[in-house]
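Right, one structure below, let's go through it.
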Amino acid sequence: FDASDTILNGFSDDIAKRVTKRLCETGVTVRTGERISVIKSGQIEFESGDAFQADIIVWAAGVKAPEAIAELSVLQRTNSGQIKVNNYLQSTGDPSVYAIGDCSSYIPEGGNIPLPPTGQVARQQAEYLARSIQLIFAGKELKPFQYVDRGNLVSLSVFGAYGNVAKQGILPQLALRGPLAILVHKAFYRMHQFALHGAIKGSVLMLRDWLNTLVKPPVRMD
C-alpha cells in the first residue's frame, strides 16, 4: 500500500512502472492512493473506510527527521520534520543554520518537489557544505549548491534491479535492468561506503560483507 499515486515517489515514472510490474509478477499486489489511518493487531484501516486483514504488517513510513529538530521552533520545517533550506543549504528560518541529508528539504531552483532523501543527495550536500565552511572562514563568497543527478537504481534483491544512469558528458542516459543493474547498484553502494569511511575501512567492510555471505544463513520468514 502506498499513499502516493505511484510507488517509489521521487524516482522516474519508468522505474516505478518497471518495479511495480516486477513485484506483481512475483505475486505482490500493489495498491496506490491508499492512505492508512489506523494500524491494529492484524488489521489495517484506511481513510476511505476500507480495512485489510494481515498476519504480519510491515510499516515503512519513509524518512522522518530526528525528533530533536521539532524543538527548534525558529526553523521552518516540512510535515515530516525536515528543515527547509535555500540554494546554499541554509535554513530558510535562520541563515546561520545549515542542514543536509535526511534532516533537510531542498527544492532545486526551477523545481517543484524536494530532492529525494538518498545517499547520492546527502553525499553531494556534505561535500558542498565542507567546502562552504572553508570559504566562510576565509571570508569568500559562496556559490549555490548544484545537484548532479547521476541516476537512480532500485534493488529487488534476487528478483532483479531497475534504474538508469544519467547522461555523463558524451555518454547518453542509459536504462538498466537485470544483472547489469544489480552490478551497478552494488558498485554505487561500495562507492558510497568508500566515500564515507575511506579506502582502508571501506575495503574491510567489503571483505566483512563477503565473509558474511559464506558463514551466515539467509534470513527467512515462513
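Chain labels A, B, ... are given in the sequence in which chains occur in the C-alpha cells; within each chain residues are numbered consecutively from 1, and ligands are likewise numbered from 1 in the order shown.
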
Using DSSP on the backbone coordinates, identify all residues within stretch 85-195 of chain A classified as alpha helix (DSSP H); present the result as a VMD selection string.
chain A and resid 119 to 137 178 to 195

So which residues touch A:Ala54 within 9 Å, counting only C-alpha atoms, skipping near sequence neighbours fewer than 6 positions away, as a ChimeraX atom specification?
/A:41-44

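Among the candidates A:Arg22, A:Arg31, A:Arg208, A:Lys64, the residue lying nearest to A:Gln82 is A:Lys64 (atoms considered: only C-alpha atoms).
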
Can you list, as number ranges by chain, every residue of chain A that DSSP puts in strand (DSSP E or B)?
A: 2, 9, 11, 32, 36-40, 43-46, 51-53, 77, 83-85, 90-91, 98, 104-106, 151-155, 161-165, 168, 171, 174-177

List the spatial neighbours of stretch 85-91 of chain A as a ChimeraX atom specification - criterion: any atom at most 7 Å away, only C-alpha atoms, same-chain residues fewer than 4 positions off excluded.
/A:75,95-100,104-106,144-145

How would the residues just picked look written out with N, CA, C and O atoms as a CSV table (one decimal), in the first residue's frame?
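Ended up saving to again.csv:
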```csv
chain,number,residue,atom,x,y,z
A,75,LEU,N,13.0,27.4,13.1
A,75,LEU,CA,13.3,26.8,11.8
A,75,LEU,C,12.0,26.4,11.1
A,75,LEU,O,11.1,25.9,11.7
A,95,PRO,N,19.5,31.8,8.6
A,95,PRO,CA,20.6,31.5,7.7
A,95,PRO,C,21.9,31.0,8.3
A,95,PRO,O,22.8,30.6,7.6
A,96,SER,N,22.0,31.2,9.6
A,96,SER,CA,23.2,30.7,10.3
A,96,SER,C,23.2,29.2,10.6
A,96,SER,O,24.2,28.6,11.0
A,97,VAL,N,22.0,28.6,10.3
A,97,VAL,CA,21.9,27.1,10.5
A,97,VAL,C,21.8,26.4,9.1
A,97,VAL,O,21.1,26.8,8.2
A,98,TYR,N,22.7,25.4,9.0
A,98,TYR,CA,22.8,24.7,7.7
A,98,TYR,C,22.2,23.3,8.0
A,98,TYR,O,22.4,22.7,9.1
A,99,ALA,N,21.6,22.7,7.0
A,99,ALA,CA,21.0,21.3,7.1
A,99,ALA,C,21.2,20.6,5.8
A,99,ALA,O,21.1,21.1,4.7
A,100,ILE,N,21.6,19.3,6.0
A,100,ILE,CA,21.8,18.5,4.8
A,100,ILE,C,21.3,17.1,5.0
A,100,ILE,O,20.9,16.7,6.2
A,104,SER,N,17.0,17.6,6.0
A,104,SER,CA,16.8,18.8,5.2
A,104,SER,C,15.8,18.6,4.1
A,104,SER,O,15.7,17.4,3.6
A,105,SER,N,15.2,19.6,3.6
A,105,SER,CA,14.3,19.6,2.5
A,105,SER,C,14.7,20.7,1.5
A,105,SER,O,14.6,21.9,1.8
A,106,TYR,N,15.3,20.3,0.4
A,106,TYR,CA,15.8,21.2,-0.6
A,106,TYR,C,15.1,21.1,-1.9
A,106,TYR,O,15.1,20.0,-2.5
A,144,PRO,N,26.0,28.8,-5.1
A,144,PRO,CA,24.9,28.0,-4.8
A,144,PRO,C,25.2,26.5,-5.0
A,144,PRO,O,26.0,26.1,-5.8
A,145,PHE,N,24.5,25.7,-4.2
A,145,PHE,CA,24.6,24.2,-4.3
A,145,PHE,C,24.0,23.8,-5.7
A,145,PHE,O,22.9,24.2,-6.0
```

Just checking: using only C-alpha atoms, which residue out of A:Asn164, A:Lys17, A:Ala175, A:Ile57 ends up closest to A:Glu45?
A:Ile57

Can you pull out every residue within 12 Å of stretch 115-129 of chain A, counting only C-alpha atoms, but drop anything in the same chain fewer than 3 positions away, and send it as a PyMOL selection string?
chain A and resi 8-12+62-65+80+82+84-85+87-90+97-109+111-112+132-136+142-154+188-196

Please save C-alpha atoms of the selected residues as a PDB file, in the first residue's frame.
```pdb
ATOM      1  CA  LEU A   8       8.913   4.984  -5.351  1.00  0.00           C
ATOM      2  CA  ASN A   9       7.799   8.580  -5.236  1.00  0.00           C
ATOM      3  CA  GLY A  10      10.784  10.709  -6.279  1.00  0.00           C
ATOM      4  CA  PHE A  11      12.025   8.226  -8.867  1.00  0.00           C
ATOM      5  CA  SER A  12      11.202   8.377 -12.567  1.00  0.00           C
ATOM      6  CA  GLY A  62       9.715   6.734   4.751  1.00  0.00           C
ATOM      7  CA  VAL A  63      12.192   9.285   6.058  1.00  0.00           C
ATOM      8  CA  LYS A  64      11.448  11.417   9.101  1.00  0.00           C
ATOM      9  CA  ALA A  65      13.772  13.985  10.635  1.00  0.00           C
ATOM     10  CA  SER A  80       7.905  15.178   8.001  1.00  0.00           C
ATOM     11  CA  GLN A  82      12.785  18.204   7.637  1.00  0.00           C
ATOM     12  CA  LYS A  84      13.588  23.779   4.695  1.00  0.00           C
ATOM     13  CA  VAL A  85      16.816  25.107   3.160  1.00  0.00           C
ATOM     14  CA  ASN A  87      20.215  27.217  -2.511  1.00  0.00           C
ATOM     15  CA  TYR A  88      23.108  27.487  -0.046  1.00  0.00           C
ATOM     16  CA  LEU A  89      21.642  24.762   2.203  1.00  0.00           C
ATOM     17  CA  GLN A  90      20.894  27.433   4.821  1.00  0.00           C
ATOM     18  CA  VAL A  97      21.855  27.123  10.471  1.00  0.00           C
ATOM     19  CA  TYR A  98      22.766  24.652   7.719  1.00  0.00           C
ATOM     20  CA  ALA A  99      21.017  21.346   7.136  1.00  0.00           C
ATOM     21  CA  ILE A 100      21.831  18.471   4.792  1.00  0.00           C
ATOM     22  CA  GLY A 101      20.789  14.893   4.131  1.00  0.00           C
ATOM     23  CA  ASP A 102      17.661  13.329   5.575  1.00  0.00           C
ATOM     24  CA  CYS A 103      17.025  16.192   8.014  1.00  0.00           C
ATOM     25  CA  SER A 104      16.774  18.795   5.232  1.00  0.00           C
ATOM     26  CA  SER A 105      14.297  19.581   2.464  1.00  0.00           C
ATOM     27  CA  TYR A 106      15.791  21.250  -0.597  1.00  0.00           C
ATOM     28  CA  ILE A 107      13.860  22.171  -3.751  1.00  0.00           C
ATOM     29  CA  PRO A 108      16.239  22.985  -6.635  1.00  0.00           C
ATOM     30  CA  GLU A 109      15.731  26.277  -8.419  1.00  0.00           C
ATOM     31  CA  GLY A 111      11.807  22.580  -9.438  1.00  0.00           C
ATOM     32  CA  ASN A 112       8.594  21.861  -7.566  1.00  0.00           C
ATOM     33  CA  SER A 132      31.384  26.156   2.002  1.00  0.00           C
ATOM     34  CA  ILE A 133      32.545  26.186   5.632  1.00  0.00           C
ATOM     35  CA  GLN A 134      36.120  26.694   4.455  1.00  0.00           C
ATOM     36  CA  LEU A 135      35.008  29.585   2.248  1.00  0.00           C
ATOM     37  CA  ILE A 136      33.015  31.160   5.093  1.00  0.00           C
ATOM     38  CA  LEU A 142      29.661  31.134  -1.587  1.00  0.00           C
ATOM     39  CA  LYS A 143      28.350  29.556  -4.759  1.00  0.00           C
ATOM     40  CA  PRO A 144      24.863  27.981  -4.778  1.00  0.00           C
ATOM     41  CA  PHE A 145      24.569  24.233  -4.349  1.00  0.00           C
ATOM     42  CA  GLN A 146      24.245  22.411  -7.661  1.00  0.00           C
ATOM     43  CA  TYR A 147      22.943  18.865  -7.518  1.00  0.00           C
ATOM     44  CA  VAL A 148      24.183  16.478 -10.211  1.00  0.00           C
ATOM     45  CA  ASP A 149      21.820  13.566 -10.820  1.00  0.00           C
ATOM     46  CA  ARG A 150      23.967  10.545 -11.645  1.00  0.00           C
ATOM     47  CA  GLY A 151      20.979   8.234 -11.939  1.00  0.00           C
ATOM     48  CA  ASN A 152      18.809   6.078  -9.709  1.00  0.00           C
ATOM     49  CA  LEU A 153      18.724   2.369  -9.012  1.00  0.00           C
ATOM     50  CA  VAL A 154      16.235   0.198  -7.147  1.00  0.00           C
ATOM     51  CA  PHE A 188      27.291   2.581  -6.276  1.00  0.00           C
ATOM     52  CA  TYR A 189      26.841   1.184  -2.773  1.00  0.00           C
ATOM     53  CA  ARG A 190      30.568   0.458  -2.454  1.00  0.00           C
ATOM     54  CA  MET A 191      31.445   3.919  -3.795  1.00  0.00           C
ATOM     55  CA  HIS A 192      29.255   5.427  -1.095  1.00  0.00           C
ATOM     56  CA  GLN A 193      30.935   3.302   1.575  1.00  0.00           C
ATOM     57  CA  PHE A 194      34.409   4.306   0.406  1.00  0.00           C
ATOM     58  CA  ALA A 195      33.404   7.981   0.382  1.00  0.00           C
ATOM     59  CA  LEU A 196      32.163   7.718   3.987  1.00  0.00           C
TER      60      LEU A 196
END
```

In Å and to one decimal, atom CA of A:Val58 is distant from atom CA of A:Ala187 by 28.4 Å

May I have the residues within 7 Å of A:Ala70 as a tab-separated table (two decimals) with all heavy atoms, in the first residue's frame, using only C-alpha atoms and disregarding those fewer than 3 positions away in the same chain?
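Contents of the output file result-v5.tsv:
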```
chain	number	residue	atom	x	y	z
A	67	GLU	N	13.64	13.74	16.13
A	67	GLU	CA	12.68	14.45	16.97
A	67	GLU	C	13.26	15.75	17.54
A	67	GLU	O	12.52	16.71	17.80
A	67	GLU	CB	12.23	13.54	18.12
A	67	GLU	CG	11.46	12.30	17.67
A	67	GLU	CD	10.11	12.64	17.08
A	67	GLU	OE1	9.59	13.75	17.34
A	67	GLU	OE2	9.56	11.79	16.35
A	73	SER	N	12.01	25.74	17.14
A	73	SER	CA	10.80	26.36	16.61
A	73	SER	C	11.09	27.47	15.61
A	73	SER	O	10.22	27.81	14.80
A	73	SER	CB	9.95	26.91	17.77
A	73	SER	OG	10.70	27.86	18.53
A	81	GLY	N	9.08	16.93	9.21
A	81	GLY	CA	10.05	17.45	10.17
A	81	GLY	C	11.35	17.92	9.57
A	81	GLY	O	12.22	18.43	10.29
```
